[in-house]
file structure.txt (compact mmCIF, C-alpha atoms)
# COMPACT_ATOMS: atom_id res chain seq x y z
CA MET A 16 -18.98 11.78 -2.66
CA LEU A 17 -16.17 14.17 -3.53
CA LEU A 18 -13.14 14.16 -1.32
CA ASN A 19 -12.81 17.44 0.57
CA ARG A 20 -9.22 18.37 -0.30
CA PHE A 21 -6.99 20.72 1.67
CA TRP A 22 -4.39 20.83 -1.12
CA ILE A 23 -4.18 22.18 -4.64
CA PRO A 24 -2.80 19.63 -7.12
CA ASP A 25 -0.40 20.69 -9.84
CA LEU A 26 -1.35 20.05 -13.43
CA GLU A 27 -0.14 17.08 -15.53
CA VAL A 28 3.57 17.36 -14.70
CA GLY A 29 4.84 14.29 -12.85
CA ARG A 30 1.38 12.87 -12.18
CA VAL A 31 1.44 9.28 -10.89
CA LEU A 32 -2.22 8.68 -10.02
CA LYS A 33 -5.50 10.36 -10.90
CA ILE A 34 -8.90 9.10 -9.74
CA GLU A 35 -12.06 10.50 -11.29
CA ASN A 36 -15.62 9.87 -10.08
CA LEU A 37 -14.73 6.50 -8.56
CA LYS A 38 -17.72 4.55 -7.29
CA ALA A 39 -17.81 1.10 -5.72
CA THR A 40 -20.88 -0.99 -4.99
CA PHE A 41 -21.31 -4.19 -2.99
CA ASP A 42 -24.65 -6.01 -2.91
CA GLN A 43 -26.30 -2.88 -4.32
CA ASP A 44 -24.89 -0.76 -1.47
CA MET A 45 -22.69 2.09 -2.72
CA VAL A 46 -19.49 2.26 -0.66
CA LEU A 47 -17.62 4.91 -2.66
CA ARG A 48 -19.67 7.76 -4.11
CA GLY A 49 -17.67 9.64 -6.70
CA ILE A 50 -14.10 9.94 -5.38
CA ASP A 51 -11.69 12.37 -7.05
CA LEU A 52 -8.00 12.70 -6.13
CA GLU A 53 -4.57 12.83 -7.68
CA LEU A 54 -0.97 12.29 -6.69
CA LYS A 55 2.24 13.57 -8.21
CA LYS A 56 5.54 11.73 -8.02
CA GLY A 57 6.96 12.07 -4.53
CA ASP A 58 3.64 13.14 -2.98
CA SER A 59 2.38 11.73 0.29
CA LEU A 60 -1.40 12.06 0.59
CA ALA A 61 -3.46 10.91 3.57
CA VAL A 62 -7.13 10.05 3.12
CA ILE A 63 -8.94 10.26 6.46
CA GLY A 64 -12.31 8.71 7.25
CA GLU A 65 -14.30 6.83 9.85
CA SER A 66 -14.63 3.05 9.88
CA GLY A 67 -16.92 1.96 7.06
CA ALA A 68 -16.29 5.07 4.98
CA GLY A 69 -14.71 3.04 2.18
CA LYS A 70 -11.01 3.73 2.77
CA THR A 71 -9.89 0.13 2.31
CA THR A 72 -12.17 -0.17 -0.72
CA LEU A 73 -10.33 2.78 -2.23
CA GLY A 74 -6.98 1.06 -1.73
CA LEU A 75 -8.19 -2.25 -3.16
CA SER A 76 -9.64 -0.45 -6.18
CA ILE A 77 -6.26 1.14 -6.89
CA MET A 78 -4.68 -2.31 -6.70
CA GLY A 79 -7.15 -3.52 -9.32
CA LEU A 80 -8.68 -6.04 -6.94
CA LEU A 81 -12.28 -4.77 -7.14
CA ASN A 82 -12.74 -4.08 -10.83
CA GLY A 83 -16.05 -5.89 -10.97
CA ASN A 84 -17.39 -3.58 -8.27
CA SER A 85 -15.71 -0.31 -9.27
CA ARG A 86 -16.76 2.32 -11.80
CA GLY A 87 -15.16 5.57 -12.84
CA LYS A 88 -11.54 6.09 -13.83
CA ILE A 89 -8.25 5.30 -12.10
CA THR A 90 -5.33 6.50 -14.20
CA PHE A 91 -1.92 5.29 -13.10
CA GLU A 92 0.98 6.75 -15.10
CA GLY A 93 -1.30 7.13 -18.13
CA MET A 94 -2.98 3.71 -17.84
CA ASP A 95 -6.67 3.35 -16.93
CA LEU A 96 -6.52 0.57 -14.34
CA LEU A 97 -10.25 -0.18 -14.48
CA SER A 98 -10.04 -1.04 -18.17
CA LEU A 99 -6.86 -3.16 -18.04
CA PRO A 100 -7.09 -6.96 -18.43
CA GLU A 101 -6.26 -9.00 -15.35
CA ASP A 102 -2.96 -10.20 -16.82
CA ASP A 103 -1.79 -6.61 -17.21
CA LEU A 104 -2.95 -5.71 -13.70
CA ARG A 105 -1.07 -8.68 -12.31
CA GLY A 106 2.08 -7.34 -13.94
CA LEU A 107 1.62 -3.97 -12.22
CA ARG A 108 0.87 -5.23 -8.73
CA TRP A 109 3.86 -5.16 -6.37
CA THR A 110 6.24 -3.99 -9.13
CA ARG A 111 4.55 -0.64 -9.85
CA ILE A 112 1.74 -0.46 -7.26
CA ALA A 113 1.93 -2.04 -3.80
CA MET A 114 -0.21 -2.02 -0.68
CA VAL A 115 0.54 -2.58 3.01
CA PHE A 116 -2.65 -4.19 4.29
CA GLN A 117 -4.23 -3.32 7.60
CA ASN A 118 -4.16 -6.60 9.50
CA ALA A 119 -0.68 -8.08 9.28
CA SER A 120 -1.61 -11.29 11.08
CA SER A 121 -4.26 -12.02 8.45
CA ALA A 122 -2.20 -10.84 5.47
CA LEU A 123 0.75 -13.13 6.24
CA ASN A 124 0.64 -16.85 5.43
CA PRO A 125 0.91 -18.82 8.70
CA VAL A 126 2.54 -21.89 7.10
CA HIS A 127 5.47 -20.13 5.41
CA SER A 128 8.49 -18.51 7.00
CA ILE A 129 8.90 -14.74 6.91
CA LEU A 130 11.88 -14.98 4.56
CA ASP A 131 9.99 -17.21 2.11
CA GLN A 132 7.07 -14.78 2.03
CA VAL A 133 9.33 -11.87 1.08
CA VAL A 134 11.24 -14.00 -1.43
CA GLU A 135 8.06 -15.04 -3.25
CA PRO A 136 7.08 -11.65 -4.74
CA ILE A 137 10.69 -10.98 -5.70
CA ILE A 138 10.87 -14.20 -7.71
CA GLN A 139 7.42 -13.66 -9.22
CA HIS A 140 7.86 -10.05 -10.27
CA ARG A 141 11.60 -9.54 -10.78
CA ILE A 142 14.27 -11.31 -12.80
CA ASP A 143 16.24 -12.39 -9.76
CA GLY A 144 17.17 -16.05 -9.35
CA LYS A 145 16.38 -17.79 -6.09
CA GLU A 146 19.68 -16.99 -4.38
CA GLU A 147 19.58 -13.36 -5.50
CA ALA A 148 15.96 -13.11 -4.35
CA LYS A 149 16.88 -14.57 -0.97
CA ALA A 150 19.72 -12.08 -0.56
CA ARG A 151 17.46 -9.17 -1.52
CA ALA A 152 14.70 -10.35 0.85
CA THR A 153 17.20 -10.68 3.70
CA GLN A 154 18.45 -7.15 3.05
CA LEU A 155 14.91 -5.74 2.86
CA LEU A 156 14.02 -7.32 6.19
CA ALA A 157 17.17 -5.83 7.69
CA ASP A 158 16.33 -2.44 6.17
CA VAL A 159 12.91 -2.42 7.87
CA GLY A 160 14.48 -3.31 11.20
CA LEU A 161 13.59 -6.99 11.63
CA ALA A 162 16.27 -8.80 13.64
CA ARG A 163 18.29 -11.20 11.47
CA GLU A 164 17.64 -14.14 13.78
CA LYS A 165 13.90 -13.78 13.15
CA VAL A 166 13.82 -13.94 9.35
CA SER A 167 13.26 -17.71 9.42
CA ASN A 168 10.43 -17.44 11.95
CA TYR A 169 6.75 -17.91 11.18
CA PRO A 170 4.24 -15.06 11.56
CA HIS A 171 2.87 -16.28 14.90
CA GLN A 172 6.39 -16.04 16.35
CA LEU A 173 6.55 -12.30 15.71
CA SER A 174 5.00 -9.35 17.51
CA GLY A 175 2.46 -7.12 15.77
CA GLY A 176 5.14 -4.50 15.10
CA GLU A 177 7.47 -7.11 13.62
CA GLN A 178 4.69 -8.45 11.40
CA GLN A 179 4.03 -4.92 10.16
CA ARG A 180 7.71 -4.55 9.26
CA VAL A 181 7.43 -7.74 7.19
CA LEU A 182 4.46 -6.36 5.25
CA ILE A 183 6.41 -3.18 4.55
CA ALA A 184 9.36 -5.24 3.29
CA MET A 185 7.00 -7.20 1.01
CA ALA A 186 5.55 -3.96 -0.37
CA LEU A 187 9.05 -2.66 -1.09
CA ALA A 188 10.22 -5.89 -2.73
CA GLY A 189 9.34 -4.79 -6.26
CA ASP A 190 10.50 -1.17 -5.74
CA PRO A 191 7.03 0.17 -6.67
CA ASP A 192 6.19 3.67 -7.87
CA LEU A 193 3.16 3.96 -5.56
CA ILE A 194 2.59 2.46 -2.10
CA THR A 195 -0.77 2.51 -0.31
CA LEU A 196 -0.74 2.11 3.47
CA ASP A 197 -4.01 0.91 5.00
CA GLU A 198 -4.22 1.90 8.69
CA PRO A 199 -0.48 1.27 9.01
CA VAL A 200 -0.17 1.47 12.81
CA SER A 201 -3.69 0.70 14.05
CA ALA A 202 -2.78 -2.87 15.04
CA VAL A 203 0.68 -2.05 16.37
CA ASP A 204 1.38 -1.84 20.10
CA ALA A 205 2.29 1.55 21.51
CA ALA A 206 5.91 0.55 22.13
CA SER A 207 6.46 -0.25 18.43
CA ARG A 208 4.36 2.56 16.94
CA ALA A 209 7.04 5.26 17.01
CA ASP A 210 9.57 2.97 15.30
CA ILE A 211 7.07 1.99 12.59
CA MET A 212 6.18 5.64 12.01
CA ARG A 213 9.85 6.54 11.59
CA LEU A 214 10.24 3.68 9.12
CA LEU A 215 7.20 4.78 7.12
CA ARG A 216 8.45 8.36 6.97
CA GLN A 217 11.66 7.00 5.42
CA VAL A 218 9.59 5.03 2.91
CA GLY A 219 7.71 8.22 2.05
CA GLU A 220 10.98 9.99 1.25
CA ARG A 221 11.64 7.50 -1.59
CA HIS A 222 8.16 6.59 -2.83
CA THR A 223 4.86 8.21 -3.75
CA MET A 224 2.59 7.25 -0.86
CA LEU A 225 -1.14 7.13 -0.17
CA VAL A 226 -2.05 6.73 3.51
CA ILE A 227 -5.59 5.69 4.42
CA THR A 228 -6.43 6.05 8.08
CA HIS A 229 -9.04 7.14 10.60
CA ASP A 230 -6.38 8.81 12.76
CA ILE A 231 -5.56 12.43 11.96
CA SER A 232 -2.35 12.25 14.00
CA THR A 233 -1.05 9.38 11.84
CA ALA A 234 -2.11 11.26 8.73
CA ALA A 235 -0.29 14.42 9.79
CA LYS A 236 2.93 12.57 10.60
CA LEU A 237 3.06 10.55 7.39
CA SER A 238 1.74 12.93 4.75
CA SER A 239 2.13 16.43 3.39
CA ASN A 240 -1.44 16.59 2.02
CA LEU A 241 -4.73 15.65 3.66
CA ALA A 242 -8.15 14.72 2.32
CA THR A 243 -11.33 13.35 3.90
CA ILE A 244 -13.65 10.64 2.73
call {"tool": "encode", "arguments": {"input": "structure.txt", "output": "structure tokens"}}
result
Amino acid sequence: MLLNRFWIPDLEVGRVLKIENLKATFDQDMVLRGIDLELKKGDSLAVIGESGAGKTTLGLSIMGLLNGNSRGKITFEGMDLLSLPEDDLRGLRWTRIAMVFQNASSALNPVHSILDQVVEPIIQHRIDGKEEAKARATQLLADVGLAREKVSNYPHQLSGGEQQRVLIAMALAGDPDLITLDEPVSAVDAASRADIMRLLRQVGERHTMLVITHDISTAAKLSSNLATI
């Protein structure tokens, strides 16, 4: 199924991501049916679709987490992600490509503090030592608006909006070239939604961003280009 695009992509100049005829199948059921899209550096594209349309599958495919189920071509800065070995994909995740998952309460580890969970990807994917990683994680959490006194808390001690801020900090930890947001405010209470949207607009000013959502209002506020799936 070809995405119905309301934008006209430029040619090769500054291209970050290009997807061609992407298909994904689970248990012989085809979830994605020939997706085509592309993003240039600095773009913010929203992909809109109903529940079950395959939006999350699209994001996971870009992260290289569904290679056994995906066919087609996903070219990221000249590299075909679907043909890369797992070791190479692991080197790209979080440092070059990151994703803010939909359900923060499920994405966060309940037995580790918030600070430790942001420190971990910094240590794994950057050259920082432990103290440097801790300082960077603390600054990232401050940058996304989490109160300093809460950085040592566990996920269950935070509100949904605070948990979402933590996921955003984790996605930013490796300073990636491309960030995918999966339903970024669907699980956030109304009181926190405006703050999270402002934060995400700031993220979009510094990063190429793909927003996958069912909500056209969210799409319009966070992106300059729209597509449907």
call {"tool": "axis_aligned_box", "arguments": {"input": "structure.txt", "around": "range 99-110 of chain A", "padding_each_side": "4 Å", "output": "lines of an AutoDock Vina configuration file"}}
result
center_x = -0.4
center_y = -6.7
center_z = -12.4
size_x = 21.3
size_y = 15.0
size_z = 20.1
call {"tool": "residues_near_point", "arguments": {"input": "structure.txt", "point": "(9.9, -16.4, 8.5)", "cutoff": "10 Å", "atoms": "only C-alpha atoms", "output": "VMD selection string"}}
result
chain A and resid 123 to 133 164 to 173 178 181
call {"tool": "write_last_selection", "arguments": {"input": "structure.txt", "atoms": "C-alpha atoms", "output": "short mmCIF file (atom, residue, chain, number, x, y, z; two decimals), in the coordinates of the input"}}
result
data_model
loop_
_atom_site.label_atom_id
_atom_site.label_comp_id
_atom_site.auth_asym_id
_atom_site.auth_seq_id
_atom_site.Cartn_x
_atom_site.Cartn_y
_atom_site.Cartn_z
CA LEU A 123 0.75 -13.13 6.24
CA ASN A 124 0.64 -16.85 5.43
CA PRO A 125 0.91 -18.82 8.70
CA VAL A 126 2.54 -21.89 7.10
CA HIS A 127 5.47 -20.13 5.41
CA SER A 128 8.49 -18.51 7.00
CA ILE A 129 8.90 -14.74 6.91
CA LEU A 130 11.88 -14.98 4.56
CA ASP A 131 9.99 -17.21 2.11
CA GLN A 132 7.07 -14.78 2.03
CA VAL A 133 9.33 -11.87 1.08
CA GLU A 164 17.64 -14.14 13.78
CA LYS A 165 13.90 -13.78 13.15
CA VAL A 166 13.82 -13.94 9.35
CA SER A 167 13.26 -17.71 9.42
CA ASN A 168 10.43 -17.44 11.95
CA TYR A 169 6.75 -17.91 11.18
CA PRO A 170 4.24 -15.06 11.56
CA HIS A 171 2.87 -16.28 14.90
CA GLN A 172 6.39 -16.04 16.35
CA LEU A 173 6.55 -12.30 15.71
CA GLN A 178 4.69 -8.45 11.40
CA VAL A 181 7.43 -7.74 7.19
#
call {"tool": "closest_residue", "arguments": {"input": "structure.txt", "among": "A:Arg208, A:Arg180, A:Arg163, A:Arg30", "to": "Asp58 in chain A", "atoms": "only C-alpha atoms"}}
result
A:Arg30
call {"tool": "atom_distance", "arguments": {"input": "structure.txt", "atom1": "CA of Gln217 in chain A", "atom2": "CA of Gly67 in chain A"}}
result
29.1 Å
call {"tool": "residues_around", "arguments": {"input": "structure.txt", "residues": "Gly74 in chain A", "least_positions_apart": "2", "cutoff": "9 Å", "atoms": "only C-alpha atoms", "output": "list in words"}}
result
Gly69, Lys70, Thr71, Thr72, Ser76, Ile77, Met78, Gly79, Leu80, Met114, Thr195, Leu196, Asp197, Leu225 and Ile227 of chain A
call {"tool": "decode", "arguments": {"input": "structure.txt", "residues": "range 103-118 of chain A", "atoms": "all heavy atoms", "output": "short mmCIF file (atom, residue, chain, number, x, y, z; two decimals), in the first residue's frame"}}
result
data_model
loop_
_atom_site.label_atom_id
_atom_site.label_comp_id
_atom_site.auth_asym_id
_atom_site.auth_seq_id
_atom_site.Cartn_x
_atom_site.Cartn_y
_atom_site.Cartn_z
N ASP A 103 26.07 -4.53 13.00
CA ASP A 103 26.09 -3.18 12.44
C ASP A 103 24.83 -2.41 12.82
O ASP A 103 24.89 -1.20 13.11
CB ASP A 103 26.21 -3.25 10.92
CG ASP A 103 27.57 -3.77 10.47
OD1 ASP A 103 28.52 -3.70 11.27
OD2 ASP A 103 27.68 -4.24 9.33
N LEU A 104 23.69 -3.09 12.82
CA LEU A 104 22.45 -2.43 13.24
C LEU A 104 22.53 -1.98 14.69
O LEU A 104 22.07 -0.89 15.04
CB LEU A 104 21.26 -3.38 13.05
CG LEU A 104 20.79 -3.61 11.61
CD1 LEU A 104 19.79 -4.77 11.58
CD2 LEU A 104 20.16 -2.35 11.04
N ARG A 105 23.11 -2.83 15.52
CA ARG A 105 23.23 -2.49 16.94
C ARG A 105 24.08 -1.23 17.12
O ARG A 105 23.83 -0.43 18.03
CB ARG A 105 23.86 -3.67 17.69
CG ARG A 105 23.73 -3.57 19.21
CD ARG A 105 24.29 -4.79 19.91
NE ARG A 105 23.55 -5.97 19.56
CZ ARG A 105 24.06 -7.01 18.90
NH1 ARG A 105 25.32 -7.00 18.52
NH2 ARG A 105 23.32 -8.07 18.63
N GLY A 106 25.06 -1.05 16.25
CA GLY A 106 25.88 0.15 16.32
C GLY A 106 25.15 1.41 15.88
O GLY A 106 25.53 2.52 16.28
N LEU A 107 24.11 1.26 15.07
CA LEU A 107 23.34 2.41 14.60
C LEU A 107 22.23 2.81 15.57
O LEU A 107 21.90 4.00 15.69
CB LEU A 107 22.70 2.11 13.24
CG LEU A 107 23.63 1.96 12.04
CD1 LEU A 107 22.83 1.54 10.82
CD2 LEU A 107 24.36 3.27 11.77
N ARG A 108 21.66 1.82 16.25
CA ARG A 108 20.54 2.12 17.14
C ARG A 108 20.98 3.03 18.26
O ARG A 108 21.99 2.80 18.92
CB ARG A 108 19.96 0.83 17.73
CG ARG A 108 19.27 -0.05 16.71
CD ARG A 108 18.60 -1.24 17.38
NE ARG A 108 18.25 -2.26 16.40
CZ ARG A 108 18.75 -3.49 16.38
NH1 ARG A 108 19.61 -3.87 17.32
NH2 ARG A 108 18.37 -4.35 15.45
N TRP A 109 20.18 4.07 18.51
CA TRP A 109 20.34 5.04 19.58
C TRP A 109 21.45 6.04 19.30
O TRP A 109 21.37 7.17 19.77
CB TRP A 109 20.56 4.37 20.94
CG TRP A 109 19.50 3.36 21.22
CD1 TRP A 109 19.65 2.00 21.34
CD2 TRP A 109 18.09 3.60 21.34
NE1 TRP A 109 18.44 1.40 21.53
CE2 TRP A 109 17.46 2.35 21.55
CE3 TRP A 109 17.31 4.75 21.31
CZ2 TRP A 109 16.09 2.22 21.70
CZ3 TRP A 109 15.95 4.63 21.47
CH2 TRP A 109 15.35 3.37 21.66
N THR A 110 22.50 5.67 18.52
CA THR A 110 23.50 6.68 18.16
C THR A 110 23.14 7.40 16.88
O THR A 110 23.39 8.59 16.74
CB THR A 110 24.89 6.03 17.99
OG1 THR A 110 24.82 5.01 16.99
CG2 THR A 110 25.37 5.44 19.29
N ARG A 111 22.55 6.70 15.91
CA ARG A 111 22.19 7.30 14.63
C ARG A 111 20.67 7.31 14.43
O ARG A 111 20.13 8.21 13.81
CB ARG A 111 22.84 6.53 13.48
CG ARG A 111 24.36 6.36 13.61
CD ARG A 111 25.10 7.65 13.42
NE ARG A 111 24.84 8.26 12.13
CZ ARG A 111 25.41 7.85 10.99
NH1 ARG A 111 26.26 6.85 10.98
NH2 ARG A 111 25.13 8.47 9.86
N ILE A 112 20.01 6.27 14.91
CA ILE A 112 18.55 6.14 14.79
C ILE A 112 17.98 5.82 16.16
O ILE A 112 18.45 4.91 16.83
CB ILE A 112 18.16 5.00 13.82
CG1 ILE A 112 18.86 5.16 12.48
CG2 ILE A 112 16.65 4.95 13.63
CD1 ILE A 112 18.68 3.96 11.56
N ALA A 113 16.98 6.57 16.60
CA ALA A 113 16.38 6.33 17.92
C ALA A 113 14.86 6.35 17.79
O ALA A 113 14.31 6.86 16.82
CB ALA A 113 16.84 7.37 18.93
N MET A 114 14.20 5.78 18.79
CA MET A 114 12.74 5.71 18.76
C MET A 114 12.20 5.95 20.16
O MET A 114 12.72 5.42 21.14
CB MET A 114 12.29 4.33 18.25
CG MET A 114 10.80 4.19 18.07
SD MET A 114 10.40 2.64 17.19
CE MET A 114 8.60 2.73 17.15
N VAL A 115 11.18 6.79 20.24
CA VAL A 115 10.43 6.99 21.48
C VAL A 115 9.20 6.11 21.39
O VAL A 115 8.30 6.37 20.59
CB VAL A 115 10.04 8.47 21.67
CG1 VAL A 115 9.21 8.64 22.94
CG2 VAL A 115 11.28 9.35 21.72
N PHE A 116 9.17 5.05 22.19
CA PHE A 116 8.11 4.06 22.09
C PHE A 116 6.81 4.59 22.69
O PHE A 116 6.79 5.51 23.50
CB PHE A 116 8.53 2.76 22.77
CG PHE A 116 9.69 2.08 22.08
CD1 PHE A 116 10.98 2.27 22.54
CD2 PHE A 116 9.48 1.30 20.95
CE1 PHE A 116 12.05 1.66 21.89
CE2 PHE A 116 10.54 0.70 20.30
CZ PHE A 116 11.84 0.88 20.77
N GLN A 117 5.72 3.93 22.30
CA GLN A 117 4.39 4.43 22.62
C GLN A 117 4.05 4.36 24.10
O GLN A 117 3.56 5.31 24.68
CB GLN A 117 3.34 3.66 21.81
CG GLN A 117 1.92 4.08 22.10
CD GLN A 117 0.92 3.37 21.21
OE1 GLN A 117 1.30 2.58 20.35
NE2 GLN A 117 -0.34 3.65 21.39
N ASN A 118 4.30 3.23 24.72
CA ASN A 118 3.86 3.02 26.10
C ASN A 118 5.05 3.14 27.03
O ASN A 118 5.82 2.21 27.21
CB ASN A 118 3.21 1.64 26.23
CG ASN A 118 2.49 1.48 27.55
OD1 ASN A 118 2.82 2.12 28.55
ND2 ASN A 118 1.47 0.61 27.57
#
